[in-house]
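Contents: one structure, followed by commentary.
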Amino acid sequence: MTLRHNGGRRSRKAGLPPGTLVYTGEVRTSAPRMTVFDYAGGWCDERNVKSVEELLKSKRKGAVRWIDVDGLQQTSILEAIGNEYGIHKLVLEDILQTGQRPKLEDYNDYLFVVLKMLRYNAVRRAVDAEQVALVIGPKYVLSFQEGLEGDVFEPIRQRLRSHKGHLRNLGADYLAYSLLDAIVDQYFLILEELGDRVEDVEEELLNEPTRSTLDKIYRLKREMLTVRKSIWPLREVASQLQRGESTMVKRSTRVYLRDLYDHTIAVLDTLENEREVVAGMLDIYLSSVSNRLNEVMKVLTIIATIFIPLTFIVGVYGMNFDPDLGPLSMPELRWAWGYPAVMVFMAAIGLTMLYYFRKKKWF
Amino acid sequence: MTLRHNGGRRSRKAGLPPGTLVYTGEVRTSAPRMTVFDYAGGWCDERNVKSVEELLKSKRKGAVRWIDVDGLQQTSILEAIGNEYGIHKLVLEDILQTGQRPKLEDYNDYLFVVLKMLRYNAVRRAVDAEQVALVIGPKYVLSFQEGLEGDVFEPIRQRLRSHKGHLRNLGADYLAYSLLDAIVDQYFLILEELGDRVEDVEEELLNEPTRSTLDKIYRLKREMLTVRKSIWPLREVASQLQRGESTMVKRSTRVYLRDLYDHTIAVLDTLENEREVVAGMLDIYLSSVSNRLNEVMKVLTIIATIFIPLTFIVGVYGMNFDPDLGPLSMPELRWAWGYPAVMVFMAAIGLTMLYYFRKKKWF
Amino acid sequence: MTLRHNGGRRSRKAGLPPGTLVYTGEVRTSAPRMTVFDYAGGWCDERNVKSVEELLKSKRKGAVRWIDVDGLQQTSILEAIGNEYGIHKLVLEDILQTGQRPKLEDYNDYLFVVLKMLRYNAVRRAVDAEQVALVIGPKYVLSFQEGLEGDVFEPIRQRLRSHKGHLRNLGADYLAYSLLDAIVDQYFLILEELGDRVEDVEEELLNEPTRSTLDKIYRLKREMLTVRKSIWPLREVASQLQRGESTMVKRSTRVYLRDLYDHTIAVLDTLENEREVVAGMLDIYLSSVSNRLNEVMKVLTIIATIFIPLTFIVGVYGMNFDPDLGPLSMPELRWAWGYPAVMVFMAAIGLTMLYYFRKKKWF
Amino acid sequence: MTLRHNGGRRSRKAGLPPGTLVYTGEVRTSAPRMTVFDYAGGWCDERNVKSVEELLKSKRKGAVRWIDVDGLQQTSILEAIGNEYGIHKLVLEDILQTGQRPKLEDYNDYLFVVLKMLRYNAVRRAVDAEQVALVIGPKYVLSFQEGLEGDVFEPIRQRLRSHKGHLRNLGADYLAYSLLDAIVDQYFLILEELGDRVEDVEEELLNEPTRSTLDKIYRLKREMLTVRKSIWPLREVASQLQRGESTMVKRSTRVYLRDLYDHTIAVLDTLENEREVVAGMLDIYLSSVSNRLNEVMKVLTIIATIFIPLTFIVGVYGMNFDPDLGPLSMPELRWAWGYPAVMVFMAAIGLTMLYYFRKKKWF
Amino acid sequence: MTLRHNGGRRSRKAGLPPGTLVYTGEVRTSAPRMTVFDYAGGWCDERNVKSVEELLKSKRKGAVRWIDVDGLQQTSILEAIGNEYGIHKLVLEDILQTGQRPKLEDYNDYLFVVLKMLRYNAVRRAVDAEQVALVIGPKYVLSFQEGLEGDVFEPIRQRLRSHKGHLRNLGADYLAYSLLDAIVDQYFLILEELGDRVEDVEEELLNEPTRSTLDKIYRLKREMLTVRKSIWPLREVASQLQRGESTMVKRSTRVYLRDLYDHTIAVLDTLENEREVVAGMLDIYLSSVSNRLNEVMKVLTIIATIFIPLTFIVGVYGMNFDPDLGPLSMPELRWAWGYPAVMVFMAAIGLTMLYYFRKKKWF
């Protein structure tokens, strides 16, 4: 398991003029996947295309178009789309810059939203963050993904195909909301996943903390920091959207955006809560370790303080002084009851000490 | 005792279109309890009903109606009530989503309030949080509970029945206030409960901290986090209510809502205070453990440093060198006063060390 | 010394309708003390009364009346006063609820202020918080105290009696300011008291920290938390008063209220400062304990590492191998210089070790 | 070195009516120093006076007057000045109250500013805070100092005398700015002083931390807290001044006040930075102590674990069993190679253990 | 490696009147480098000049002029430029004061921006902060650097020379934006550098923490504090610029300044994140050290508790009591099976203890 950052390296484009299109994410070899959905109330036309020309073919009047590009390494595609829809070059640059902070920018003719799609990566055993950029116009939504395997938009595609939930009847702004909602809903799953791991570590911590518990706590903390970095700025984005200052957003959609905002706040609340829990764990761990050290030292101290004096006493009677030299020269060695007396004396010392330690509640 | 979260799992409805009614809380088998109160100044009509039809039977003109549904697993009930009162489907969705964050939403025709009813669960020995959703209209209040045994509304029912406190004379907004007030009042009890436990742990901590004290501190901390998560967002809800921007809230009720707001702030203040107290406990615990380790080590060190040199000395006189070999070969063994002299010498060493440790205040 | 909360228990009135008058503080047996001051420019009439009727006797026109009730257990008194002055029942309820958070409420006809009077209790060796509620009308001030022995208003009474400081010439708002000022001035004394204790503990901490230092730090921290809880909300109260939005407060009094606000901020500043000092102490304590543990261990290690090898050596020469068996079988025992050589060898080992420890700066 | 607070004790005036003039600072025996500067474009008249009458002698028309009073124990002086310039009695009270929090108050006819002049006291080896109060009128500036030896205004006096920097041509507001600027500039020196000490302690900490390092860290922390208490509220004062809402401040002076504000922010920034550095030091110290404890314990453990088993072995061969009793009764004692074999065996044990500890990187 | 501050020492100019030009940075011997760029749409004229006269030679009408001065020790240059462009003397003073906090000041005729150019110094192995001051007028940009080797503006010079990126067609405000953008882009590189070091330390921490890890953590923490101090105030600067209140900034440039603001926020976000990671490391380090201490103590305790009792037993049989004295006087010494019995007994004790420790999971 590695802790290396995911997110684009800026160093790849330092020094270039603003607006230069350079992809800074990880280079993935597979070609970008491009999908177009044209729909209006009664119908929906879905196409998987290979070339930009196909992608930008004209659509029926009044229809809403959703272009989804998954994979950004071919900057020419982005350039073509940008030309077609009159997207500012700073926007295009931001789409390619995969280490973006979630944000919302209002360019009057369209809204530009950047956010992170989080998914649990079972191989790395960590959370993957994939950047998603949305350009929301009056009759179109453009979505750009970094190109990781799969996304969370499948249910929305299903709804478009099956005419479920009236999605087709509502405009581009509602489609954009649906996409955002799908991403935010995914956050809850990520948090539940994290929450489960928190509880596992918690159980371990309270029952039998080991050195590996420490590592787990650290990694959990680190990962939450990463997740928070991805989600935190979204609060502001959602708040801006909900206030509905843009003309792109219809009044009827605002109530849904308020709901989106609520969800975002709830996600952050939960995350902060979990973070506090994890932060508290370290103190508990440290206390536990100190506690066990204490236990260990008590065992040592009990054994040593009982036997060290006794060993001294037996040492005394092991000295080679000659009892024949005089009445003060180890006369005990000559007494018939000398040995048992010494043994009893030592037992008394040992028991006294045990009693003392018992009274001090050392064991 | 388990630390598992209570609160609904979002994963049960990931991918569904917004507004889909799916109950995400724990499934409880017992049927929902439904109660209707119709009242106006002079009279009050209470009914426990079994079916939705009965529930929605027309009421006398001018009367205020309070519908209380306790248990949400039958989504059809909710749907029927929603249709009758023209509730937005996002509201219905939120009612069913039991992991909601407390919030207030103004839908012009009605106010929607979600909050948490906290109760101390003697079995789990922890605080239970039950979601309560209120829909407050001009002449009606709908309350939806998750369905845990009992609630805190019984005194209000009593007041309605007995015409105590003029509750019947006042409108739906005052009833809603009363319900909210009952819930917030309950928070004080929860906090007193927690406060008592804090003080017990405190006593334990200052007198005789053990490993189980650490666990208690941790669990207390965790529980307070949970309680806080339930109460914290209420501050904003109460503040919005008190500002009285909604047309649902009469001017005369506002002074009560200000009181409610004050109570909420007071609850949070107390909670934050308790949380700080608990946070400080961990440091004290750690210091205590270190202190005791110190005590243990002092005992060991005193005993060892006194006896180890003495044991060395007796070891010297236990060496098998032959005093007959020459004048430098352990001549002491041949002296009549050798043994007592050694004993006195050792006693002197021991006493000197004791004196040294005493001076260093080690005992 | 007990750490039990002072402040009313809400549980005594859970479930009652809002506005029900129940005293939640500690029940004190002595009857309430009631004092009335009627005054205007030239004169001042002071009465200690026993009954409510006496209390509410009509006053001279134009005079300012200050009613001070010390002891709240007889709710009938409060009710009578409330009727006379037209006080909202929520206000009366709040006066009786002794666990109130300091606050200011503007009821148009009067201002309602709740705050805490702090006094150092020499017996409990802790700070007592007594709730004081003020109702400030155009020509009257009502003050309600919980009923602890004594208060901080004596200097104000003196000034009223002696016509010192022009207090009599100014209105009810200035009297109210004077009462608030007396309470806040008391806070400075409490903080100086706390500050002195902080410095005592500090001295102890830096010179000779013991286990009891830890307890003192903890209790200090706890007490500061209590004091802070009493004072903190006052900031907002004073700020509101100073802004002078109420018609009860004359323009000329505002400059005094600004001064009151400054004092409150200064009190809080000092308190936060002291709290930070105390917070830092725990770390120092922990470091000190670790330090001393280190010292203890060094003593043990020096003694043990010097004598353990030496004891081994003397043990070797205490083995009962027979030097007569062969040339490799402990021939030293047969040498005339064997014993002194061993002694010198051991001395060399010991001194080497001492030198090593000295170089490592262990002693 | 003492940690006793400097700053006035409020207890000296508790219970007196607001506006009573009592000096609460430390009483200094020397008489107050009073200086008057009258100046306008071309000329400057400087007088050191002994009496108030002299002080208040009428000045030339159009001239700016700066009265500097250094020493506040004679309240009569203050009273006389207050009468002359029509200063509110609360202002006079605040001037005498030396424990004031820095603040700015606009009394329409004049501005009142309180702040702290910090100086490093080489004797106490700590920072001294002297209160300075400024009253800024249309054509005069009154400055009141607590009366410590020296001040930071000398360069300004020089500039007035020598007509350097156009100070004489500008009004009273620019003089006031110059005084404030001199005080704030002094803060930078104090911070550099503190910064140097921080770096000394840092060096000590990273190389050879001792118990005295801990004390130094604590005292540094404490002193920074004191400095911060003196400077922090100044931020607000400077911000208010810079916004230039007072009619006392000319438009052209505002750009200088903005500069003053920037300096204040920079001072606070640096202070907070240093505080964070110092805060981090304690953790490092604690870690260092733990580290060294670890080292000590490793030495003990290595020595003890090697020699304790060996001592046991030599003890075995020191037992007085008679090898003649039978073939199992310590036959080694009878072997010619017994002794060397035991010695080799013990050496093998010792070396194995050393190898084990080496592998564990214990030394 | 030294931790000494870089940044100017204020003490060098304490007491001088405001607006006095004194250079407070480190004195560098090399002469200042001065470059002038005059450009408009089609052309660009670049000159490296030696004297101020040359620098200020008149330019073609309509052209934008960028004067870059690298090295500030000759204050006369600054004075001349200041006169030419009518720069306020406080601005000139700030340019020379190298310890400035990043800030933006609007002087109506021009904007004044101070910020820090960060570069990784491979020799000191730390981050260098060089102050850059920009004066942005309607048709000119003045940039003043402290004079460290090299800067981050080279790509911009290239773009001016090569007419790449339309930089020449846009005004002075866009040039200023480009300069700021270059500086902020550099921050990302610094953060990546720091991030890499964080991860190296992290790896070390989780695998094999040593005393030097502690130092590295501390230095990392310290450096981040320095970087943060340089970057943090920039947030406000960028925010002010983006709001575009100045007439110096054209509407079309604002979208770029918003981008700059976003970048600044992203930089700070990342920095705060890294800081939290580093903060968490210390706890882990402390826990690790405690853990290892625990391990060490366990080894000692196991060895000591096993062998100390055994050594006592062998000591007993080494006592010189005479078995001939009576039946209770160490009769074992006379038994043929005495010795083996004792050995078996001791082995039993040892194994029992091993079993006990195993059960306690000590090894």
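Residues in the structure tokens are named by chain (A, B, ... in the order shown) and by number from 1 within that chain; ligands are numbered from 1 in the order shown.
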
Report task. Counting only C-alpha atoms, collect the residues of chain D whose closest atom lies at most 12 Å from chain A, and write them out as a ChimeraX atom specification. Result -> /D:290,297,308,311-312,315,318-320

Take the residues just selected and output them with N, CA and C atoms as an mmCIF file, in the first residue's frame.
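again.cif, freshly written:
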data_model
loop_
_atom_site.group_PDB
_atom_site.id
_atom_site.type_symbol
_atom_site.label_atom_id
_atom_site.label_comp_id
_atom_site.auth_asym_id
_atom_site.auth_seq_id
_atom_site.Cartn_x
_atom_site.Cartn_y
_atom_site.Cartn_z
ATOM 1 N N SER D 290 11.467 10.934 26.059
ATOM 2 C CA SER D 290 11.091 9.534 25.863
ATOM 3 C C SER D 290 12.204 8.787 25.155
ATOM 4 N N MET D 297 17.148 2.727 28.978
ATOM 5 C CA MET D 297 16.603 1.404 29.235
ATOM 6 C C MET D 297 17.285 0.338 28.384
ATOM 7 N N ILE D 308 22.521 -11.511 33.703
ATOM 8 C CA ILE D 308 21.660 -12.213 34.664
ATOM 9 C C ILE D 308 21.672 -13.719 34.414
ATOM 10 N N THR D 311 25.112 -15.058 35.469
ATOM 11 C CA THR D 311 25.247 -15.104 36.921
ATOM 12 C C THR D 311 24.516 -16.320 37.490
ATOM 13 N N PHE D 312 23.401 -16.634 36.853
ATOM 14 C CA PHE D 312 22.696 -17.844 37.277
ATOM 15 C C PHE D 312 23.569 -19.069 37.090
ATOM 16 N N GLY D 315 26.230 -19.300 39.490
ATOM 17 C CA GLY D 315 25.602 -19.650 40.771
ATOM 18 C C GLY D 315 25.395 -21.153 40.878
ATOM 19 N N GLY D 318 28.262 -22.832 41.964
ATOM 20 C CA GLY D 318 28.653 -22.455 43.323
ATOM 21 C C GLY D 318 27.856 -23.204 44.374
ATOM 22 N N MET D 319 26.895 -24.011 43.924
ATOM 23 C CA MET D 319 26.101 -24.768 44.890
ATOM 24 C C MET D 319 26.962 -25.840 45.538
ATOM 25 N N ASN D 320 26.643 -26.085 46.801
ATOM 26 C CA ASN D 320 27.500 -26.981 47.572
ATOM 27 C C ASN D 320 27.117 -28.458 47.483
#

Requested in this report: Find the residues near Asp106 in chain B: any atom within 12 Å, counting only C-alpha atoms, skip ones fewer than 4 places away on the same chain, and give them as a ChimeraX atom specification.
Outcome: /A:255,258 /B:87-88,91,110-114,134-137,237,240-241,244-249

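Once the Cα atoms of chain D are best fitted to those of chain A, pair by pair, the RMSD stands at 0.1 Å.
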
Report task. Fewer than 2 positions away in the same chain doesn't count, so skip those; otherwise give me all residues within 12 Å of Gln73 in chain B, counting only C-alpha atoms, as a ChimeraX atom specification. Result -> /B:21-33,69-71,75-79,95-98,144-147

Atoms to include: C-alpha atoms. Write the selected residues as a CSV table (one decimal), in the first residue's frame.
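Result file again09.csv:
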chain,number,residue,atom,x,y,z
B,21,LEU,CA,-39.5,6.7,-1.2
B,22,VAL,CA,-37.3,4.1,0.5
B,23,TYR,CA,-37.2,3.7,4.3
B,24,THR,CA,-33.5,3.5,5.3
B,25,GLY,CA,-33.8,3.1,9.0
B,26,GLU,CA,-33.8,-0.1,11.0
B,27,VAL,CA,-36.8,-2.3,10.1
B,28,ARG,CA,-39.1,-2.8,13.0
B,29,THR,CA,-41.8,-5.4,12.7
B,30,SER,CA,-44.6,-3.9,14.7
B,31,ALA,CA,-47.2,-1.9,12.8
B,32,PRO,CA,-47.0,1.9,12.9
B,33,ARG,CA,-49.0,3.6,15.6
B,69,VAL,CA,-47.3,8.6,12.9
B,70,ASP,CA,-44.9,6.4,14.9
B,71,GLY,CA,-43.1,3.9,12.6
B,75,THR,CA,-44.2,3.9,2.9
B,76,SER,CA,-47.7,3.8,1.5
B,77,ILE,CA,-49.0,5.6,4.6
B,78,LEU,CA,-46.6,8.4,4.1
B,79,GLU,CA,-47.5,8.6,0.5
B,95,ILE,CA,-38.8,11.8,6.4
B,96,LEU,CA,-37.9,8.3,5.5
B,97,GLN,CA,-34.2,8.9,5.4
B,98,THR,CA,-33.5,8.4,9.1
B,144,PHE,CA,-43.4,11.3,12.0
B,145,GLN,CA,-41.3,9.2,14.4
B,146,GLU,CA,-39.0,6.4,13.6
B,147,GLY,CA,-41.0,4.1,15.8

**Report entry** Sel. of alpha helix (DSSP H) residues, range 165-265 of chain C, as a PyMOL selection string
**Finding:** chain C and resi 172-207+211-231+234-243+251-265

Contact residues around range 183-196 of chain A with only C-alpha atoms at 10 Å, ignoring same-chain residues under 5 positions, as a tab-separated table (two decimals) with C-alpha atoms, in the first residue's frame:
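Generated file (selection-v6.tsv):
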chain	number	residue	atom	x	y	z
A	115	LEU	CA	-15.57	18.34	-8.19
A	116	LYS	CA	-14.19	14.98	-7.17
A	117	MET	CA	-15.79	11.61	-7.68
A	118	LEU	CA	-14.62	9.33	-4.88
A	119	ARG	CA	-14.51	5.60	-5.13
A	120	TYR	CA	-13.13	2.91	-2.90
A	126	ALA	CA	-7.76	3.33	-0.25
A	127	VAL	CA	-10.09	5.92	-1.68
A	132	VAL	CA	-15.13	15.49	-12.80
A	151	ASP	CA	-18.36	6.04	-12.90
A	152	VAL	CA	-21.40	6.73	-10.73
A	153	PHE	CA	-23.57	8.03	-13.59
A	177	TYR	CA	-28.24	18.35	-10.53
A	178	SER	CA	-28.75	14.62	-11.04
A	201	VAL	CA	-10.01	-0.16	14.58
A	202	GLU	CA	-11.98	1.03	17.59
A	220	LEU	CA	-7.26	6.24	8.51
A	223	GLU	CA	-7.18	9.07	4.22
A	224	MET	CA	-9.85	11.16	5.91
A	227	VAL	CA	-11.33	12.77	1.45
A	231	ILE	CA	-15.25	17.32	-0.27
A	234	LEU	CA	-17.92	21.47	-2.27
A	260	LEU	CA	-27.99	18.74	-2.58
A	261	TYR	CA	-26.59	21.37	-0.27
A	263	HIS	CA	-26.54	16.38	1.68
A	264	THR	CA	-23.16	18.01	1.29
A	266	ALA	CA	-24.46	16.14	6.16
A	267	VAL	CA	-21.50	14.44	4.48
A	268	LEU	CA	-19.10	16.96	5.95
A	270	THR	CA	-20.27	12.98	9.37
A	271	LEU	CA	-16.72	13.24	8.13
A	273	ASN	CA	-17.34	13.50	13.39
A	274	GLU	CA	-15.37	10.52	12.19
A	275	ARG	CA	-12.23	12.61	12.15
A	277	VAL	CA	-13.27	9.97	16.66
B	4	ARG	CA	-22.26	0.64	16.07
B	5	HIS	CA	-23.89	3.74	14.62
B	9	ARG	CA	-27.59	3.58	5.95
B	10	ARG	CA	-27.59	5.56	2.72
B	11	SER	CA	-26.22	2.65	0.80
B	12	ARG	CA	-29.71	1.15	0.73
B	13	LYS	CA	-30.85	3.75	-1.76
B	14	ALA	CA	-27.76	4.80	-3.70
B	15	GLY	CA	-28.49	5.25	-7.37
B	16	LEU	CA	-32.24	5.77	-7.10

**Report entry** Atomic distance CA of Leu310 in chain C - CA of Pro309 in chain D, expressed in Å with one decimal
**Finding:** 13.7 Å

Query raised in the report: In Å, how far is it from CA of Leu55 in chain A to CA of His166 in chain A?
Result: 25.2 Å

Report task. Compile the contact shell of range 39-48 of chain B as a list in words: residues with an atom at most 10 Å away, counting only C-alpha atoms, same-chain residues fewer than 3 positions apart removed. Result ->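 What passes the distance filter is Arg33, Met34, Thr35, Val36, Ser51, Glu54, Leu55, Lys59, Arg60, Lys61, Gly62, Ala63, Val64, Arg65, Trp66, Ile67, Asp68, Arg157, Leu160, Arg161, Ser162, His163, His166, Leu167, Arg168, Asn169, Leu170 and Gly171 of chain B.
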
Report task. Can you pull out every residue within 12 Å of range 324-333 of chain E, counting only C-alpha atoms, but drop anything in the same chain fewer than 2 positions away, and send it as JSON, numbers by chain? Result -> {"A": [332, 333, 334, 335, 336, 337, 338, 339, 340, 341, 342, 343], "D": [319, 320, 321, 322, 323, 324, 325, 326, 329, 330], "E": [314, 316, 317, 318, 319, 320, 321, 322, 335, 336, 337, 338, 339, 340, 341, 342]}

Dump C-alpha atoms for the selected residues as an mmCIF file, in the first residue's frame?
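The file below, out-v4.cif, is the result:
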data_model
loop_
_atom_site.group_PDB
_atom_site.id
_atom_site.type_symbol
_atom_site.label_atom_id
_atom_site.label_comp_id
_atom_site.auth_asym_id
_atom_site.auth_seq_id
_atom_site.Cartn_x
_atom_site.Cartn_y
_atom_site.Cartn_z
ATOM 1 C CA GLU A 332 24.556 -19.238 62.503
ATOM 2 C CA LEU A 333 26.418 -21.630 60.291
ATOM 3 C CA ARG A 334 27.071 -23.750 63.321
ATOM 4 C CA TRP A 335 23.517 -23.793 64.654
ATOM 5 C CA ALA A 336 21.376 -26.833 63.949
ATOM 6 C CA TRP A 337 18.345 -24.533 63.394
ATOM 7 C CA GLY A 338 20.319 -21.972 61.413
ATOM 8 C CA TYR A 339 19.236 -23.079 57.987
ATOM 9 C CA PRO A 340 15.515 -23.464 58.693
ATOM 10 C CA ALA A 341 15.557 -20.155 60.565
ATOM 11 C CA VAL A 342 17.048 -18.379 57.545
ATOM 12 C CA MET A 343 14.522 -20.010 55.251
ATOM 13 C CA MET D 319 26.101 -24.768 44.890
ATOM 14 C CA ASN D 320 27.500 -26.981 47.572
ATOM 15 C CA PHE D 321 26.254 -30.296 46.215
ATOM 16 C CA ASP D 322 28.858 -32.982 46.624
ATOM 17 C CA PRO D 323 29.999 -34.486 43.332
ATOM 18 C CA ASP D 324 30.965 -37.570 45.220
ATOM 19 C CA LEU D 325 27.344 -38.435 46.021
ATOM 20 C CA GLY D 326 26.580 -39.903 42.610
ATOM 21 C CA SER D 329 25.431 -34.776 41.316
ATOM 22 C CA MET D 330 27.318 -32.019 39.497
ATOM 23 C CA VAL E 314 21.124 -21.617 43.377
ATOM 24 C CA VAL E 316 20.381 -21.056 48.622
ATOM 25 C CA TYR E 317 22.376 -24.163 47.809
ATOM 26 C CA GLY E 318 25.558 -22.136 47.862
ATOM 27 C CA MET E 319 25.082 -21.227 51.534
ATOM 28 C CA ASN E 320 27.708 -22.684 53.782
ATOM 29 C CA PHE E 321 25.381 -24.350 56.284
ATOM 30 C CA ASP E 322 26.706 -27.725 57.293
ATOM 31 C CA TRP E 335 20.972 -36.661 48.619
ATOM 32 C CA ALA E 336 22.266 -38.356 45.529
ATOM 33 C CA TRP E 337 19.260 -36.975 43.569
ATOM 34 C CA GLY E 338 19.439 -33.537 45.147
ATOM 35 C CA TYR E 339 21.211 -31.774 42.344
ATOM 36 C CA PRO E 340 19.132 -33.155 39.472
ATOM 37 C CA ALA E 341 15.974 -32.514 41.450
ATOM 38 C CA VAL E 342 16.907 -28.871 41.923
#
